Every structure is written in C-alpha cells, then in structure tokens.
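Structure data (mmCIF, C-alpha atoms) from data-v8.cif:
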data_data
loop_
_atom_site.label_atom_id
_atom_site.label_comp_id
_atom_site.auth_asym_id
_atom_site.auth_seq_id
_atom_site.Cartn_x
_atom_site.Cartn_y
_atom_site.Cartn_z
CA MET A 1 33.81 49.99 -91.12
CA SER A 2 33.58 50.34 -87.33
CA ARG A 3 30.70 48.72 -85.52
CA ARG A 4 28.23 51.18 -84.09
CA ARG A 5 27.99 51.03 -80.30
CA LYS A 6 24.58 50.03 -79.00
CA GLY A 7 22.81 52.17 -76.44
CA ARG A 8 22.17 55.80 -75.60
CA ASP A 9 24.73 58.54 -75.16
CA VAL A 10 24.52 58.85 -71.37
CA ASN A 11 27.02 61.02 -69.47
CA GLY A 12 27.60 61.40 -65.75
CA ILE A 13 28.26 59.53 -62.50
CA LEU A 14 25.86 57.38 -60.51
CA VAL A 15 26.76 56.13 -57.03
CA ILE A 16 25.35 52.69 -56.22
CA ASP A 17 25.07 51.03 -52.82
CA LYS A 18 26.40 47.66 -53.92
CA PRO A 19 24.66 44.68 -52.31
CA MET A 20 26.38 41.52 -51.10
CA ASP A 21 27.00 38.39 -53.18
CA ILE A 22 27.35 40.06 -56.56
CA THR A 23 30.41 41.33 -58.38
CA SER A 24 30.95 44.99 -59.13
CA ASN A 25 30.84 44.19 -62.84
CA GLY A 26 27.54 42.38 -62.33
CA ILE A 27 26.03 45.53 -60.81
CA LEU A 28 27.56 47.65 -63.56
CA GLN A 29 25.91 45.56 -66.27
CA GLN A 30 22.53 45.69 -64.49
CA VAL A 31 22.61 49.47 -64.18
CA LYS A 32 23.98 49.95 -67.69
CA ARG A 33 20.98 48.02 -69.07
CA LEU A 34 18.54 50.03 -66.95
CA PHE A 35 19.94 53.25 -68.40
CA GLY A 36 20.28 51.79 -71.88
CA ALA A 37 23.75 53.35 -71.87
CA ALA A 38 26.29 52.81 -74.62
CA LYS A 39 29.36 53.18 -72.41
CA ALA A 40 29.89 52.66 -68.69
CA GLY A 41 32.51 51.54 -66.20
CA HIS A 42 33.10 51.29 -62.46
CA THR A 43 35.88 52.90 -60.46
CA GLY A 44 37.38 50.03 -58.52
CA ALA A 45 35.87 46.64 -57.79
CA LEU A 46 34.42 45.55 -54.49
CA ASP A 47 34.56 41.86 -53.59
CA PRO A 48 31.23 39.97 -53.76
CA LEU A 49 31.33 39.87 -49.93
CA ALA A 50 31.60 43.66 -49.72
CA THR A 51 28.81 46.22 -49.89
CA GLY A 52 28.60 49.98 -50.13
CA VAL A 53 29.74 52.91 -52.24
CA LEU A 54 30.42 52.00 -55.87
CA PRO A 55 30.61 54.99 -58.26
CA LEU A 56 29.68 54.12 -61.85
CA CYS A 57 30.81 56.31 -64.74
CA PHE A 58 28.83 56.77 -67.94
CA GLY A 59 29.99 58.19 -71.27
CA GLU A 60 32.29 61.19 -70.88
CA ALA A 61 32.68 60.55 -67.15
CA THR A 62 34.66 57.36 -67.92
CA LYS A 63 37.56 59.64 -68.90
CA PHE A 64 38.06 60.36 -65.19
CA SER A 65 37.58 56.83 -63.84
CA GLN A 66 41.30 56.28 -63.24
CA MET A 67 41.53 59.41 -61.09
CA MET A 68 38.51 58.23 -59.15
CA LEU A 69 40.15 54.84 -58.76
CA ASP A 70 43.22 56.59 -57.33
CA SER A 71 41.19 58.45 -54.69
CA ASP A 72 41.04 57.77 -50.95
CA LYS A 73 38.52 55.27 -49.57
CA ALA A 74 36.77 54.55 -46.25
CA TYR A 75 35.34 51.31 -44.88
CA ILE A 76 33.68 49.68 -41.90
CA ALA A 77 34.88 46.11 -41.41
CA THR A 78 33.92 43.29 -39.09
CA ALA A 79 36.79 40.97 -38.16
CA LYS A 80 36.51 37.49 -36.69
CA LEU A 81 39.36 36.95 -34.27
CA GLY A 82 41.05 33.60 -33.69
CA VAL A 83 40.49 32.23 -37.20
CA ARG A 84 42.61 32.58 -40.34
CA THR A 85 41.25 31.67 -43.77
CA GLU A 86 42.83 31.11 -47.18
CA THR A 87 41.35 34.28 -48.62
CA GLY A 88 41.43 36.54 -45.56
CA ASP A 89 37.62 36.65 -45.51
CA SER A 90 34.72 34.34 -44.69
CA GLU A 91 34.56 32.97 -48.25
CA GLY A 92 37.81 31.05 -47.83
CA ALA A 93 38.54 27.75 -46.11
CA VAL A 94 39.78 27.88 -42.51
CA VAL A 95 43.54 27.27 -42.33
CA GLU A 96 44.23 27.95 -38.64
CA GLU A 97 42.39 28.51 -35.37
CA LYS A 98 43.90 29.95 -32.19
CA PRO A 99 42.38 31.13 -28.93
CA VAL A 100 41.66 34.83 -28.63
CA PRO A 101 43.58 36.37 -25.70
CA ALA A 102 41.23 36.14 -22.72
CA GLU A 103 42.34 39.51 -21.39
CA LEU A 104 41.75 41.34 -24.69
CA THR A 105 40.09 44.69 -24.10
CA SER A 106 39.81 47.90 -26.07
CA ASP A 107 42.62 49.37 -23.94
CA ILE A 108 44.91 46.49 -24.90
CA LEU A 109 43.84 46.54 -28.53
CA GLU A 110 44.39 50.29 -29.00
CA PRO A 111 48.24 50.18 -29.00
CA VAL A 112 48.09 47.32 -31.52
CA LEU A 113 45.86 49.33 -33.84
CA ASP A 114 48.17 52.31 -33.46
CA ARG A 115 50.95 50.30 -35.10
CA PHE A 116 48.92 50.25 -38.31
CA ARG A 117 48.08 53.95 -38.46
CA GLY A 118 49.93 56.32 -40.77
CA ASP A 119 52.35 55.19 -43.46
CA ILE A 120 52.76 51.42 -43.48
CA GLN A 121 54.02 48.67 -45.77
CA GLN A 122 51.41 46.11 -46.82
CA VAL A 123 51.78 42.83 -48.68
CA PRO A 124 48.77 42.32 -50.99
CA SER A 125 46.67 39.20 -50.53
CA MET A 126 47.15 36.32 -52.97
CA TYR A 127 43.39 36.53 -53.45
CA SER A 128 43.49 40.13 -54.65
CA ALA A 129 42.85 41.32 -58.21
CA LEU A 130 46.39 42.73 -58.42
CA LYS A 131 47.96 41.43 -61.61
CA HIS A 132 51.16 39.44 -62.08
CA GLN A 133 52.31 38.83 -65.66
CA GLY A 134 48.90 39.87 -66.94
CA ARG A 135 46.85 37.61 -64.64
CA PRO A 136 45.13 38.51 -61.36
CA LEU A 137 46.75 37.01 -58.29
CA TYR A 138 43.58 35.17 -57.29
CA GLU A 139 43.88 32.99 -60.41
CA TYR A 140 47.31 31.81 -59.28
CA ALA A 141 46.00 31.27 -55.75
CA ARG A 142 43.17 29.05 -57.00
CA GLU A 143 45.77 26.96 -58.82
CA GLY A 144 47.78 26.62 -55.62
CA ILE A 145 50.59 28.83 -56.92
CA GLU A 146 52.19 31.30 -54.51
CA VAL A 147 53.55 34.45 -56.18
CA GLU A 148 56.10 36.64 -54.42
CA ARG A 149 54.48 40.00 -53.65
CA PRO A 150 56.65 42.90 -52.56
CA ALA A 151 55.24 45.08 -49.79
CA ARG A 152 53.69 48.31 -51.01
CA PRO A 153 53.38 51.64 -49.20
CA VAL A 154 49.87 52.68 -48.15
CA THR A 155 48.60 55.23 -45.68
CA ILE A 156 45.97 54.55 -43.02
CA TYR A 157 44.53 57.95 -42.15
CA GLU A 158 42.09 56.58 -39.60
CA LEU A 159 41.79 53.24 -37.83
CA THR A 160 39.13 53.35 -35.15
CA LEU A 161 37.73 50.58 -32.99
CA ILE A 162 33.94 50.82 -33.11
CA GLU A 163 33.10 47.79 -30.99
CA LEU A 164 34.93 44.81 -29.48
CA ARG A 165 32.98 41.64 -28.72
CA ASP A 166 34.20 38.25 -27.46
CA ASP A 167 35.82 37.16 -30.72
CA GLU A 168 34.80 39.94 -33.10
CA MET A 169 35.60 43.58 -33.64
CA ASP A 170 34.21 46.33 -35.84
CA ILE A 171 36.69 48.89 -37.16
CA ALA A 172 36.44 52.04 -39.26
CA VAL A 173 39.24 52.57 -41.77
CA SER A 174 40.10 55.59 -43.91
CA CYS A 175 42.98 54.96 -46.29
CA THR A 176 44.74 55.60 -49.57
CA LYS A 177 44.13 53.71 -52.78
CA GLY A 178 45.54 50.21 -52.97
CA THR A 179 44.90 49.40 -49.32
CA TYR A 180 43.61 45.85 -48.82
CA ILE A 181 41.33 45.69 -45.80
CA ARG A 182 41.59 41.91 -45.71
CA SER A 183 45.37 42.17 -45.43
CA LEU A 184 45.05 44.86 -42.77
CA VAL A 185 42.74 42.67 -40.69
CA GLU A 186 45.02 39.67 -41.13
CA ASP A 187 48.02 41.72 -40.01
CA ILE A 188 46.15 42.98 -36.95
CA GLY A 189 45.20 39.38 -36.11
CA GLU A 190 48.83 38.34 -36.49
CA ALA A 191 49.93 41.15 -34.16
CA LEU A 192 47.39 39.92 -31.60
CA GLY A 193 48.78 36.39 -31.91
CA CYS A 194 45.45 34.79 -32.76
CA GLY A 195 44.84 35.55 -36.42
CA ALA A 196 41.73 37.15 -37.93
CA HIS A 197 39.67 37.41 -41.09
CA VAL A 198 37.01 39.72 -42.50
CA THR A 199 33.38 38.62 -42.15
CA ALA A 200 31.73 41.84 -43.34
CA LEU A 201 33.01 44.85 -45.28
CA ARG A 202 31.12 48.01 -46.18
CA ARG A 203 32.69 50.83 -48.17
CA THR A 204 31.41 54.11 -46.80
CA MET A 205 33.31 56.55 -49.03
CA ALA A 206 34.99 56.55 -52.43
CA SER A 207 35.94 59.42 -54.75
CA GLY A 208 34.40 61.85 -52.25
CA PHE A 209 31.00 60.12 -52.45
CA THR A 210 29.38 58.61 -49.35
CA LEU A 211 26.48 56.27 -48.63
CA ALA A 212 24.23 59.34 -48.47
CA ASP A 213 24.88 59.80 -52.21
CA ALA A 214 24.17 56.17 -53.11
CA CYS A 215 21.16 54.66 -54.89
CA GLN A 216 19.76 51.14 -54.51
CA VAL A 217 19.35 49.04 -57.66
CA PRO A 218 15.75 48.03 -56.73
CA THR A 219 14.89 51.75 -56.63
CA LEU A 220 16.23 52.15 -60.17
CA GLU A 221 14.24 49.14 -61.33
CA GLN A 222 11.05 50.50 -59.78
CA MET A 223 11.58 53.89 -61.42
CA ARG A 224 12.13 52.22 -64.78
CA GLU A 225 8.96 50.12 -64.40
CA GLN A 226 6.98 53.28 -63.64
CA GLY A 227 8.34 54.96 -66.75
CA GLU A 228 10.42 57.51 -64.86
CA SER A 229 13.69 58.80 -66.32
CA LEU A 230 16.84 57.75 -64.48
CA ASP A 231 19.01 60.45 -66.04
CA GLY A 232 18.14 62.95 -63.32
CA LEU A 233 20.02 60.78 -60.81
CA LEU A 234 23.33 61.34 -62.58
CA VAL A 235 25.82 63.92 -61.35
CA ALA A 236 28.34 65.73 -63.53
CA PRO A 237 31.88 64.28 -63.85
CA ASP A 238 33.44 67.20 -61.97
CA ALA A 239 31.56 66.13 -58.83
CA ALA A 240 34.30 63.54 -58.33
CA LEU A 241 37.15 65.98 -58.98
CA SER A 242 36.69 68.48 -56.18
CA MET A 243 40.19 67.67 -54.88
CA PHE A 244 41.59 69.74 -57.75
CA PRO A 245 41.46 73.56 -57.91
CA GLU A 246 39.37 75.18 -60.63
CA GLN A 247 40.15 77.70 -63.35
CA GLN A 248 37.70 79.70 -65.46
CA LEU A 249 38.75 80.26 -69.07
CA GLU A 250 37.37 82.59 -71.72
CA GLY A 251 38.25 84.05 -75.09
CA GLN A 252 41.18 82.66 -77.03
CA ALA A 253 42.46 80.66 -74.06
CA LEU A 254 39.18 78.74 -73.97
CA VAL A 255 39.21 78.18 -77.72
CA SER A 256 42.80 76.91 -77.65
CA ILE A 257 42.14 74.48 -74.79
CA LEU A 258 39.03 73.12 -76.52
CA ASN A 259 41.21 72.50 -79.57
CA GLY A 260 43.64 70.52 -77.42
CA GLN A 261 46.33 73.19 -77.37
CA PRO A 262 48.31 74.32 -74.27
CA VAL A 263 47.70 77.87 -73.09
CA ARG A 264 49.52 80.27 -70.79
CA ILE A 265 47.75 82.28 -68.14
CA PRO A 266 49.16 84.92 -65.78
CA GLY A 267 50.01 84.14 -62.16
CA GLN A 268 52.13 81.45 -60.55
CA SER A 269 50.59 78.30 -59.13
CA GLU A 270 51.71 74.89 -57.94
CA GLU A 271 52.07 72.07 -60.43
CA GLY A 272 49.26 69.55 -60.73
CA PHE A 273 45.84 68.95 -62.18
CA ILE A 274 43.20 71.65 -62.40
CA ARG A 275 39.50 71.66 -63.30
CA LEU A 276 38.68 73.87 -66.26
CA TYR A 277 35.40 75.71 -66.85
CA GLY A 278 34.15 77.74 -69.79
CA ASP A 279 30.97 79.58 -70.69
CA ARG A 280 29.13 76.24 -70.86
CA GLY A 281 30.41 74.81 -67.61
CA PHE A 282 32.94 72.06 -66.96
CA ILE A 283 35.21 71.32 -69.91
CA GLY A 284 37.75 68.93 -68.41
CA LEU A 285 41.08 68.57 -66.66
CA ALA A 286 44.40 70.19 -67.49
CA GLU A 287 47.83 69.89 -65.94
CA LYS A 288 49.55 73.10 -64.88
CA PHE A 289 53.25 73.95 -64.94
CA PRO A 290 55.05 77.17 -63.91
CA GLU A 291 56.53 78.82 -67.00
CA GLY A 292 57.97 82.26 -67.71
CA GLY A 293 56.46 84.00 -64.70
CA GLY A 294 53.04 82.50 -65.39
CA THR A 295 51.34 79.13 -65.65
CA LYS A 296 51.13 76.78 -68.60
CA LEU A 297 47.95 74.68 -68.86
CA VAL A 298 48.17 71.45 -70.84
CA PRO A 299 44.80 69.76 -71.56
CA ARG A 300 44.65 66.15 -70.38
CA ARG A 301 40.99 65.07 -70.29
CA LEU A 302 38.34 67.11 -72.06
CA VAL A 303 34.61 66.38 -72.20
CA LYS A 304 32.67 66.70 -75.42
CA SER A 305 29.84 68.61 -73.75
CA GLY A 306 32.30 71.42 -73.07
#

For the file at hand, write its structure as structure tokens.
Amino acid sequence: MSRRRKGRDVNGILVIDKPMDITSNGILQQVKRLFGAAKAGHTGALDPLATGVLPLCFGEATKFSQMMLDSDKAYIATAKLGVRTETGDSEGAVVEEKPVPAELTSDILEPVLDRFRGDIQQVPSMYSALKHQGRPLYEYAREGIEVERPARPVTIYELTLIELRDDEMDIAVSCTKGTYIRSLVEDIGEALGCGAHVTALRRTMASGFTLADACQVPTLEQMREQGESLDGLLVAPDAALSMFPEQQLEGQALVSILNGQPVRIPGQSEEGFIRLYGDRGFIGLAEKFPEGGGTKLVPRRLVKSG
C-alpha cells in the first residue's frame, strides 16, 4: 500500500527573491511548509552566495520544471579583480593575488569582454553541482580530487560593464542554461592577467520571470500569520512556457489529447513544443511533427486540471 503524501494539493508557480546565505532547497522547504503543499520543487539552484529570481513549482507545475531549468537566465555580478579563489567566489580560500593593471579603464576592458560574447566554450568549475559518476563536482573538489571537465558550449547574449572601480567591476550577463558566472568571471580575470572572483551575484531573470515578479519570504510569513491565503500569489504553469506557440483544441481532438493519444490537425507548422488549450484553459504541452500535409500533435506533459 502506497504511503499517502502529506500536504495540500497546490498547483502553480511562485517566484521567490532568494536571500543570501541559504540554499535554494532551504528556501524551497520554507515556502513549501508555508503553503502546506504536498509537492514542490525549484527550477535550478542558486549558490548560497547568490540572490534573486528563483521560480518554485508546486503540484502540476513540477511537470514543466525541466523546461524552466533549460531556459535562458540573466544576472548582475560583482567581480573582485586581482584575486583568485578556490571556488571562484568569495566563499573560497585565496589561491593567488596579482596586481590589477594600473591603466585598466572601461575602454581597455571592453575588447576583453567582447571576447566572451556570443557562442563560447566554457569549462565548468570544480565547485559546481555538475555531476560526475553520480556525484556533484564540488564533493570531489572538497576531497582534493580534480576531475577532468570537457569544455561545454554556452551562449552569452549580453555582457555589459555596469561600473568599473579600482579593483572591482559590476557586469550584467544574459546567457543560455548551463552558463557558470563564476567561470565566466574567472576567465575574464585570466584574460586581464590578474585573475578575478565573484563577490556578489544576483539573478535578475529566469524562465521569463524577473525580480518584479518575485516575492520575499518574510512577506509570505507575515501573510500566513495574518491568516491570509497565499494561493492567490501563484501563477499558472503556462506562465513559464510563453516561448512556445499555442494551439486551441476542441471536439474529438481535445478528447483524444486528454486521453494521451496523438491527434492530427490541418496546416503545416515547424517541429517543436506547443502549448495546448481546451475549453477549461491550459491542458499541457505537446510536440508537433509535420505529417501528411498537416501536423501531428503528440502529448508530452498534460496537467490534471485540464
């Protein structure tokens, strides 16, 4: 007999402004308790040092967490120049110090930054959560074991210098999934010849959500203490899927999709995922394929509320 899951059936997405010095899972567990939710998950961890946009998925929305994890991200980072650390951020021990070029100006820095824009190859940090043989790399690093990490392709859509101070710089980064800002800052420091590490990191966008969409945990706690419902803060799962086109279904096509069966609709379209809607709103994601002069829709992720 299966064990009954504790908690309420809560469905939707909540964007949290994660504070510093707590893990993403720590925030998830706090918010999950506040909602009394049976099922919840986050869409990509932020380091304890980092703050900012952290979308949390509840119930049916967890079906789309991987797609949200695969989405583009944006950050504002502060880099300390002239100092390299074990971890690439201020939490690690200093391993090397070099003088910052005395003549460094924004005009000199700009061509260096330009080398890291667009499609680049990046070697993940040994202190990342990327797994090797089932274990995160940071566990090996803490044991003093160096694991060979092949460079991986990432795309830096935007890399903008916000401010340059004597030995610090603030940069804005917009990038694809899998981009390690610590590694990016270390590589920029290496290109400058002085080294660098991250001292502050704030995620400003993830899964299409920005800081303007984010809630503070103390606000949730205050609402709960005052007896207010938190459910009104949730947004529907399709709010994070706007990158996909939508398709309205009705009649037998809708019935077939809801039963998990592929359907064919007239008209050609490009291959890929598509949001599906019925008479009761969002019903899930399907994958579309050209077939016989029309389009075949194969259901991939359906929500129970549909």

Q) Excluding same-chain residues fewer than 5 positions from range 192-198 of chain A, what lies within 10 Å of it counting only C-alpha atoms, as a VMD selection string? A) chain A and resid 49 to 50 77 to 92 94 96 to 101 104 108 to 109 112 to 113 167 to 170 181 to 187

Can those selected residues be exported to a file as a compact mmCIF listing (two decimals), in the frame of the given file so that it contains C-alpha atoms?
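Writing the result to result-v7.txt gives the following:
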# COMPACT_ATOMS: atom_id res chain seq x y z
CA LEU A 49 31.33 39.87 -49.93
CA ALA A 50 31.60 43.66 -49.72
CA ALA A 77 34.88 46.11 -41.41
CA THR A 78 33.92 43.29 -39.09
CA ALA A 79 36.79 40.97 -38.16
CA LYS A 80 36.51 37.49 -36.69
CA LEU A 81 39.36 36.95 -34.27
CA GLY A 82 41.05 33.60 -33.69
CA VAL A 83 40.49 32.23 -37.20
CA ARG A 84 42.61 32.58 -40.34
CA THR A 85 41.25 31.67 -43.77
CA GLU A 86 42.83 31.11 -47.18
CA THR A 87 41.35 34.28 -48.62
CA GLY A 88 41.43 36.54 -45.56
CA ASP A 89 37.62 36.65 -45.51
CA SER A 90 34.72 34.34 -44.69
CA GLU A 91 34.56 32.97 -48.25
CA GLY A 92 37.81 31.05 -47.83
CA VAL A 94 39.78 27.88 -42.51
CA GLU A 96 44.23 27.95 -38.64
CA GLU A 97 42.39 28.51 -35.37
CA LYS A 98 43.90 29.95 -32.19
CA PRO A 99 42.38 31.13 -28.93
CA VAL A 100 41.66 34.83 -28.63
CA PRO A 101 43.58 36.37 -25.70
CA LEU A 104 41.75 41.34 -24.69
CA ILE A 108 44.91 46.49 -24.90
CA LEU A 109 43.84 46.54 -28.53
CA VAL A 112 48.09 47.32 -31.52
CA LEU A 113 45.86 49.33 -33.84
CA ASP A 167 35.82 37.16 -30.72
CA GLU A 168 34.80 39.94 -33.10
CA MET A 169 35.60 43.58 -33.64
CA ASP A 170 34.21 46.33 -35.84
CA ILE A 181 41.33 45.69 -45.80
CA ARG A 182 41.59 41.91 -45.71
CA SER A 183 45.37 42.17 -45.43
CA LEU A 184 45.05 44.86 -42.77
CA VAL A 185 42.74 42.67 -40.69
CA GLU A 186 45.02 39.67 -41.13
CA ASP A 187 48.02 41.72 -40.01

Determine the residue set returned by the PyMOL selection byres ((chain A and resi 61) around 9) for the present structure, and present it as a PDB file with C-alpha atoms, in the coordinates of the input.
ATOM      1  CA  ASN A  11      27.020  61.020 -69.470  1.00  0.00           C
ATOM      2  CA  GLY A  12      27.600  61.400 -65.750  1.00  0.00           C
ATOM      3  CA  ILE A  13      28.260  59.530 -62.500  1.00  0.00           C
ATOM      4  CA  ALA A  40      29.890  52.660 -68.690  1.00  0.00           C
ATOM      5  CA  LEU A  56      29.680  54.120 -61.850  1.00  0.00           C
ATOM      6  CA  CYS A  57      30.810  56.310 -64.740  1.00  0.00           C
ATOM      7  CA  PHE A  58      28.830  56.770 -67.940  1.00  0.00           C
ATOM      8  CA  GLY A  59      29.990  58.190 -71.270  1.00  0.00           C
ATOM      9  CA  GLU A  60      32.290  61.190 -70.880  1.00  0.00           C
ATOM     10  CA  THR A  62      34.660  57.360 -67.920  1.00  0.00           C
ATOM     11  CA  LYS A  63      37.560  59.640 -68.900  1.00  0.00           C
ATOM     12  CA  PHE A  64      38.060  60.360 -65.190  1.00  0.00           C
ATOM     13  CA  SER A  65      37.580  56.830 -63.840  1.00  0.00           C
ATOM     14  CA  ALA A 236      28.340  65.730 -63.530  1.00  0.00           C
ATOM     15  CA  PRO A 237      31.880  64.280 -63.850  1.00  0.00           C
ATOM     16  CA  ASP A 238      33.440  67.200 -61.970  1.00  0.00           C
ATOM     17  CA  VAL A 303      34.610  66.380 -72.200  1.00  0.00           C
TER      18      VAL A 303
END

Q: May I ask for the distance between CA of Pro124 in chain A and CA of Val154 in chain A, given in Å to one decimal place?
A: 10.8 Å

Adding 3 Å on each side of the box along x, y and z that holds all listed atoms of range 220-235 of chain A, could you give its centre and edge lengths in Å to one decimal, as JSON?
{"center_x": 16.4, "center_y": 56.5, "center_z": -63.3, "size_x": 24.8, "size_y": 20.8, "size_z": 13.0}

Q: For the file shown, report as a PyMOL selection string the outcome of the PyMOL selection byres ((chain A and resi 142) around 12) at residue level.
A: chain A and resi 86-87+92-93+126-128+136-141+143-147

For C-alpha atoms, I'd like the residues from the last selection saved as an mmCIF file, in the frame of the given file.
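Result saved to part.cif:
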data_model
loop_
_atom_site.group_PDB
_atom_site.id
_atom_site.type_symbol
_atom_site.label_atom_id
_atom_site.label_comp_id
_atom_site.auth_asym_id
_atom_site.auth_seq_id
_atom_site.Cartn_x
_atom_site.Cartn_y
_atom_site.Cartn_z
ATOM 1 C CA GLU A 86 42.830 31.110 -47.180
ATOM 2 C CA THR A 87 41.350 34.280 -48.620
ATOM 3 C CA GLY A 92 37.810 31.050 -47.830
ATOM 4 C CA ALA A 93 38.540 27.750 -46.110
ATOM 5 C CA MET A 126 47.150 36.320 -52.970
ATOM 6 C CA TYR A 127 43.390 36.530 -53.450
ATOM 7 C CA SER A 128 43.490 40.130 -54.650
ATOM 8 C CA PRO A 136 45.130 38.510 -61.360
ATOM 9 C CA LEU A 137 46.750 37.010 -58.290
ATOM 10 C CA TYR A 138 43.580 35.170 -57.290
ATOM 11 C CA GLU A 139 43.880 32.990 -60.410
ATOM 12 C CA TYR A 140 47.310 31.810 -59.280
ATOM 13 C CA ALA A 141 46.000 31.270 -55.750
ATOM 14 C CA GLU A 143 45.770 26.960 -58.820
ATOM 15 C CA GLY A 144 47.780 26.620 -55.620
ATOM 16 C CA ILE A 145 50.590 28.830 -56.920
ATOM 17 C CA GLU A 146 52.190 31.300 -54.510
ATOM 18 C CA VAL A 147 53.550 34.450 -56.180
#

**Q.** Expansion of the PyMOL selection byres ((chain A and resi 217) around 12) into residues, as a ChimeraX atom specification
**A.** /A:14-19,26-35,52,54,214-216,218-224,230

Q. Which of these residues is nearest to Gln121 in chain A, using all atoms listed in the file: A:Thr179, A:Asp72, A:Gly272, A:Ser106?
A. A:Thr179

Q: Counting all atoms listed in the file, figure out which residue out of A:Lys6, A:Gln248, A:Asp114, A:Pro266 gets nearest to Arg280 in chain A.
A: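 Result for the nearest residue to Arg280 in chain A: A:Gln248.
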
Q. When you draw a straight line from CA of Ile162 in chain A to CA of Ile76 in chain A, how long is it in Å?
A.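 CA of Ile76 in chain A lies 8.9 Å from CA of Ile162 in chain A.
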
Q | Atomic separation - CA of Gly251 in chain A relative to CA of Ile265 in chain A, Å | A |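 Those two atoms sit 11.9 Å apart.
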
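Residues in contact with Thr204 in chain A at up to 9 Å, not including ones fewer than 2 positions away on its chain and judged by all atoms listed in the file, are A:Thr51, A:Gly52, A:Val53, A:Lys73, A:Ala74, A:Tyr75, A:Ile76, A:Arg202, A:Ala206, A:Phe209, A:Thr210, A:Leu211.
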
Q: Identify the residues around (54.0, 49.5, -50.1) within a radius of 8 Å, measuring from all atoms listed in the file in the coordinates stated by the file, and give them as a list of chain:residue names.
A: A:Ile120, A:Gln121, A:Gln122, A:Val123, A:Pro150, A:Ala151, A:Arg152, A:Pro153, A:Val154

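Candidate residues A:Ser71, A:Val255, A:Leu249, A:His132 were compared for distance to Cys175 in chain A, and the nearest is A:Ser71, using only C-alpha atoms.
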